[in-house]
Amino acid sequence: MAVKKSDIYRRIWQGCDVLRGGMDASQYKNYVLSILFVKYVSDKYAGQPYGAIKVPQGSSFVNMVSLKGGTDIGDQINKKIIAPLAAANKLSGFPDFDDSGKLGSGKQKQDTLTNLIAVFEDPALDFTRNRADGDDILGDAYEYLMRHFATESPFENGQG
């Protein structure tokens, strides 16, 4: 059974809840969508030599999960997950998962990133079962975040 969009949206919102307080709401999407991207491409393409996205050995969501609780989790996400994925696929624009200004420092950053990863770790969120080629899960997730934050922003409602 394919993952329901309502389940994805619920997870996205839970991810935003984890990040509340440390950064501007407009920046949540960068972290949440990056984790969702790693989860999605790992489920769909890890271990496939000719997949649409290359997931280098050691750079999958499972490898990200193994970093949970580490004192240097942000640096390790950048080096072991994001950098190899970005290099293998000529991607850019990922946020800095070691940014203490946005994610806190020390134990706070460790807990924030551990909790953010855990949100997407649910076995029910398994994209290997999604087979619809025209289904733009990541695009829909981005639009969901844009719509939701636009409706909550005082500047978008003429109050700012």
# chains A, B, ... in the order shown; residues from 1 in each chain; ligands from 1

$ residues_around --residues "segment 73-85 of chain A" --least-positions-apart "6" --cutoff "10 Å" --atoms "only C-alpha atoms" --output "MDAnalysis selection string"
chainID A and resid 34:35 38 41 53:61 63:67 91:92 94:100 103 105:106 109:114

$ closest_residue --among "A:Lys44, A:Asp17, A:Asp24, A:Leu33" --to "Asp140 of chain A" --atoms "only C-alpha atoms"
A:Leu33

$ closest_residue --among "A:Gly93, A:Thr128, A:Phe120, A:Lys107" --to "Ile8 of chain A" --atoms "only C-alpha atoms"
A:Phe120

$ select_by_dssp --residues "segment 37-134 of chain A" --states "helix (DSSP H, G or I)" --output "VMD selection string"
chain A and resid 37 to 45 61 to 65 73 to 89 100 to 103 107 to 119 127 to 129

$ closest_residue --among "A:Lys90, A:Asn115, A:Phe127, A:Glu143" --to "Lys4 of chain A" --atoms "only C-alpha atoms"
A:Phe127

$ atom_distance --atom1 "atom CA of Val62 of chain A" --atom2 "atom CA of Asp43 of chain A"
9.4 Å

$ closest_residue --among "A:Gly51, A:Lys39, A:Ile12, A:Leu19" --to "Asn89 of chain A" --atoms "only C-alpha atoms"
A:Gly51

$ residues_around --residues "Cys16 of chain A" --least-positions-apart "6" --cutoff "10 Å" --atoms "only C-alpha atoms" --output "number ranges by chain"
A: 10, 25, 27-29, 31-32, 116, 119, 145
